[in-house]
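Structure, as structure tokens:
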Amino acid sequence: MQRSSRKKSTWSMMTALVLGSALTLSACGSNNDGNSGAASPSASSAGGSAAAESGKLVEWGWDKGSHDKLMAEFSKNHPDIQVEYVEVSAKDYLKKIQTSIASGSDLPDIIWAEAAQRGAIYELNVMDDLGAAPYSFDKSALLDFEVPLLTNGKGQLVALDQQVAPGAVAYKRELAKQYLGTDDPDQLASMFKSWDDFAQKGKEVFDKSGGKVTMFASLMDAYTILSNQMTKPFIDGVSVNKTDMLGIFGQLQKLRDMNNEAKLSMWSPSWSASYSQNNVIFYPAANWSPEFVIKPNDKNSNGAWGLTVPPGGGFTYGGTSIGIWKGSKQKEAAWTYLKGMYGSAEGADVSFNGMKSILPLKSVFEDTSKLASGPDEFFGGQDLNKFWIEKVFPSIKAKPVTKYDQDVYAASEIVLQTMAQDPKFDANSAFEKWTEELKKNHPELTIE
């Protein structure tokens, strides 16, 4: 959340928590790790070069607990690679990188980038091209939708993701059954062929409940889904994507006009409290949401929740990517570390054993029978991992990241707060206000 430091902190915290989400997927399978010269874990530790298997790396990050768990697993195969971990808050990370560049100070060998900031960090030109020597990582080893999230403006793959971060919608089963006629996730998904269908049903729900129940808690909830379902960037070069943004604001205006949202502020105390109240049906949800958002905010509702696919399909929601500093003097060891954590069959095992998380490598999904997590009673017996893999992953697409993404989010939040409260504030007004906010920091932007 960009409008205030509190909201920034909350947004950064939630996206950073993706690393710690408890996806109980079995990370196993294959030695296809994206690098034609890669070795198995045992061969790597036994036969790697001295430079690749020893050294002390510096890493800046904001989740030491998770890092330490992964490091304990990684060190079993690479005992001579040490990491000096420096805690830097997610909300201050970009500024610290920029300040270090301006002062001529060294950057860490291992650089993190959370979802909202990754495009800006990539464009600072401080991260190595992992597709080039000496790394030669084959990006075709990644799930297809991951590539735009890890690529800079030059088309270079400069980072790997800590784990997959798919998005869909969570829903209150009792409310869905009462007002939509079913609490079955597949039936709900088929009910909404489009966002217009969703909006119309939302109007019916509002009217039927006497104005007590809405589809979403806030317009930002809907924006989170719609904006992440885009396949084109918000801004291409310096040209604003007017067509798609007007389309999003138009859809949000329709949701507002048809009483589909409760006019809350996303991540606010009232928004969090709404999870335990019976007046909102749907919330955007990532794979980290059940453990870090839904269950903490609705502790006494075992069996009350479900997950389904929204109109337009799945999307990416949050995540943290990691790359190697161009100026690192220990690039071989840094690559052993990065690949051994996030870019290989070994990394898949490290991630699963250390954090129960799953890497976005195609090889991990070769045998999906190993990926089921079993019934989750909190979610009415739904197998959440099976849902993500079978229902969400096939429909996910992603747009390229840009250096403007963080400010785009901030401008959108400001605009949608106004739209929620002012019925005369339409899509055109929203777009004009949105571009006005963006140009305060980016006067170079153009609208065609």
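If you're wondering about the labels, chains in the structure tokens are A, B, ... by order shown, residues count from 1 in each chain, ligands from 1 in order shown.
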Enumerate, in order of chain and increasing residue number, the residues of range 405-439 of chain A with an atom no farther than 12 Å from range 389-401 of chain A, each with its shortest atom pair and distance in Å to one decimal, counting only C-alpha atoms, as a tab-separated table.
```
residue	atom	partner	partner_atom	distance
A:Asp405	CA	A:Val401	CA	6.9
A:Gln406	CA	A:Val401	CA	10.1
A:Val408	CA	A:Val401	CA	11.4
```
Convert the current residue selection to file output with N, CA and C atoms, as a CSV table (one decimal), in the first residue's frame.
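This went into again_24.csv:
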```
chain,number,residue,atom,x,y,z
A,405,ASP,N,5.6,0.2,-11.6
A,405,ASP,CA,4.6,-0.6,-11.0
A,405,ASP,C,4.2,-0.2,-9.5
A,406,GLN,N,5.1,0.2,-8.7
A,406,GLN,CA,4.8,0.6,-7.4
A,406,GLN,C,4.0,1.9,-7.3
A,408,VAL,N,2.2,3.0,-9.8
A,408,VAL,CA,0.9,2.7,-10.4
A,408,VAL,C,-0.1,2.2,-9.3
```
Surrounding residues of range 327-341 of chain A excluding itself and chain neighbours under 4 positions, 8 Å, only C-alpha atoms, as a count of residues only | 25
Find the residues near range 147-159 of chain A: any atom within 8 Å, counting only C-alpha atoms, skip ones fewer than 3 places away on the same chain, and give them as a PyMOL selection string.
-> chain A and resi 119+122-123+127-131+139+142-144+321-324+398-402
Could you give me, as a ChimeraX atom specification, the residues within 8 Å of range 258-266 of chain A, counting only C-alpha atoms and dropping anything in the same chain fewer than 6 positions from it?
-> /A:199-200,202-203,206,214-221,280,417,420-421
Contacts of Lys299 in chain A at 10 Å or less, counting only C-alpha atoms, minus same-chain residues fewer than 6 places along, as number ranges by chain?
-> A: 275-276, 378
Please produce an output containing C-alpha atoms for each residue in the selection, written as a short mmCIF file (atom, residue, chain, number, x, y, z; two decimals), in the first residue's frame.
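The new file selection-v4.cif reads:
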```cif
data_model
loop_
_atom_site.label_atom_id
_atom_site.label_comp_id
_atom_site.auth_asym_id
_atom_site.auth_seq_id
_atom_site.Cartn_x
_atom_site.Cartn_y
_atom_site.Cartn_z
CA TYR A 275 -13.32 -11.75 7.19
CA SER A 276 -15.04 -12.87 10.38
CA PHE A 378 -10.93 -25.05 7.26
#
```
As a check of understanding: the span from CA of Gly306 in chain A to CA of Ile358 in chain A is 21.5 Å
Members of range 222-428 of chain A assigned alpha helix (DSSP H) by DSSP, as a CSV table (one decimal) with C-alpha atoms, in the first residue's frame:
```csv
chain,number,residue,atom,x,y,z
A,222,ALA,CA,-11.4,-6.2,-7.4
A,223,TYR,CA,-8.6,-4.1,-8.8
A,224,THR,CA,-6.0,-6.5,-7.4
A,225,ILE,CA,-7.5,-9.2,-9.6
A,226,LEU,CA,-8.3,-7.2,-12.7
A,227,SER,CA,-4.9,-5.5,-12.8
A,228,ASN,CA,-3.0,-8.7,-12.3
A,242,LYS,CA,-4.8,3.9,-21.8
A,243,THR,CA,-7.0,1.3,-23.4
A,244,ASP,CA,-6.5,-1.4,-20.7
A,245,MET,CA,-6.6,1.0,-17.8
A,246,LEU,CA,-9.8,2.7,-19.0
A,247,GLY,CA,-11.2,-0.8,-19.3
A,248,ILE,CA,-10.3,-1.7,-15.7
A,249,PHE,CA,-11.7,1.6,-14.3
A,250,GLY,CA,-14.8,1.1,-16.4
A,251,GLN,CA,-15.3,-2.4,-14.9
A,252,LEU,CA,-14.7,-1.1,-11.4
A,253,GLN,CA,-17.2,1.7,-12.0
A,254,LYS,CA,-19.7,-0.9,-13.0
A,255,LEU,CA,-19.0,-3.0,-9.8
A,256,ARG,CA,-19.5,0.2,-7.7
A,257,ASP,CA,-22.6,1.3,-9.5
A,269,PRO,CA,-8.6,-2.9,10.3
A,270,SER,CA,-12.2,-2.8,9.1
A,271,TRP,CA,-11.2,-4.8,6.0
A,272,SER,CA,-9.4,-7.4,8.1
A,273,ALA,CA,-12.4,-7.6,10.5
A,289,SER,CA,-3.6,-16.0,1.9
A,295,LYS,CA,-7.2,-18.0,9.0
A,296,PRO,CA,-5.7,-15.3,11.3
A,297,ASN,CA,-8.7,-13.0,10.5
A,331,LYS,CA,29.8,-14.9,-9.1
A,332,GLU,CA,30.5,-18.7,-9.2
A,333,ALA,CA,29.6,-19.1,-5.6
A,334,ALA,CA,26.6,-16.8,-6.0
A,335,TRP,CA,25.3,-18.9,-8.8
A,336,THR,CA,25.8,-22.1,-6.9
A,337,TYR,CA,23.7,-20.5,-4.1
A,338,LEU,CA,21.0,-19.1,-6.4
A,339,LYS,CA,20.6,-22.2,-8.4
A,340,GLY,CA,20.9,-24.5,-5.4
A,341,MET,CA,18.1,-22.5,-3.7
A,342,TYR,CA,15.7,-21.6,-6.5
A,345,ALA,CA,15.9,-30.0,-8.7
A,346,GLU,CA,18.2,-29.5,-5.8
A,347,GLY,CA,16.6,-26.1,-5.1
A,348,ALA,CA,13.1,-27.7,-5.3
A,349,ASP,CA,14.2,-30.1,-2.5
A,350,VAL,CA,15.8,-27.3,-0.5
A,351,SER,CA,12.6,-25.2,-0.8
A,352,PHE,CA,10.3,-28.1,0.1
A,353,ASN,CA,12.3,-29.4,3.0
A,354,GLY,CA,13.1,-26.0,4.4
A,355,MET,CA,9.8,-24.1,3.9
A,384,LEU,CA,-5.9,-26.4,-1.8
A,385,ASN,CA,-2.7,-27.5,-3.7
A,386,LYS,CA,-4.8,-29.5,-6.1
A,387,PHE,CA,-7.0,-26.4,-6.7
A,405,ASP,CA,4.6,-0.6,-11.0
A,406,GLN,CA,4.8,0.6,-7.4
A,407,ASP,CA,3.6,4.1,-8.3
A,408,VAL,CA,0.9,2.7,-10.4
A,409,TYR,CA,-0.5,0.8,-7.4
A,410,ALA,CA,-0.3,3.9,-5.2
A,411,ALA,CA,-2.1,6.1,-7.8
A,412,SER,CA,-4.8,3.4,-8.2
A,413,GLU,CA,-5.4,3.2,-4.5
A,414,ILE,CA,-5.9,7.0,-4.3
A,415,VAL,CA,-8.3,7.0,-7.3
A,416,LEU,CA,-10.4,4.1,-6.1
A,417,GLN,CA,-10.9,5.5,-2.7
A,418,THR,CA,-12.5,8.5,-4.4
A,419,MET,CA,-14.5,6.3,-6.8
A,420,ALA,CA,-15.9,4.3,-3.9
A,421,GLN,CA,-17.2,7.4,-2.1
A,427,ALA,CA,-14.0,5.8,-15.3
A,428,ASN,CA,-12.8,8.8,-17.3
```
Can you pull out every residue within 7 Å of range 191-195 of chain A, counting only C-alpha atoms, but drop anything in the same chain fewer than 3 positions away, and send it as a list in words?
-> Gln187, Leu188, Phe198, Ala199, Pro311 and Gly312 of chain A
Generate the output file for the selected residues, C-alpha atoms, as a PDB file, in the first residue's frame.
```
ATOM      1  CA  GLN A 187     -20.192 -24.298 -10.109  1.00  0.00           C
ATOM      2  CA  LEU A 188     -19.276 -20.831  -8.892  1.00  0.00           C
ATOM      3  CA  PHE A 198     -20.250 -11.165 -11.771  1.00  0.00           C
ATOM      4  CA  ALA A 199     -21.444  -7.568 -11.430  1.00  0.00           C
ATOM      5  CA  PRO A 311     -13.868 -14.386 -14.130  1.00  0.00           C
ATOM      6  CA  GLY A 312     -10.908 -14.089 -16.476  1.00  0.00           C
TER       7      GLY A 312
END
```
May I ask for the distance between CA of Trp62 in chain A and CA of His442 in chain A, given in Å to one decimal place?
->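 Here the two named atoms are 28.0 Å from each other.
The residue that comes closest to Glu59 in chain A, out of A:Trp112, A:Trp267, A:Phe425, A:Tyr283 and on the basis of only C-alpha atoms, is A:Trp112.
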Fewer than 5 positions away in the same chain doesn't count, so skip those; otherwise give me all residues within 9 Å of range 94-105 of chain A, counting only C-alpha atoms, as a PyMOL selection string.
-> chain A and resi 88+113+117-118+120-121+124+126
Interatomic distance between CA of Glu437 in chain A and CA of Ala285 in chain A?
->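 It comes out at 27.5 Å.
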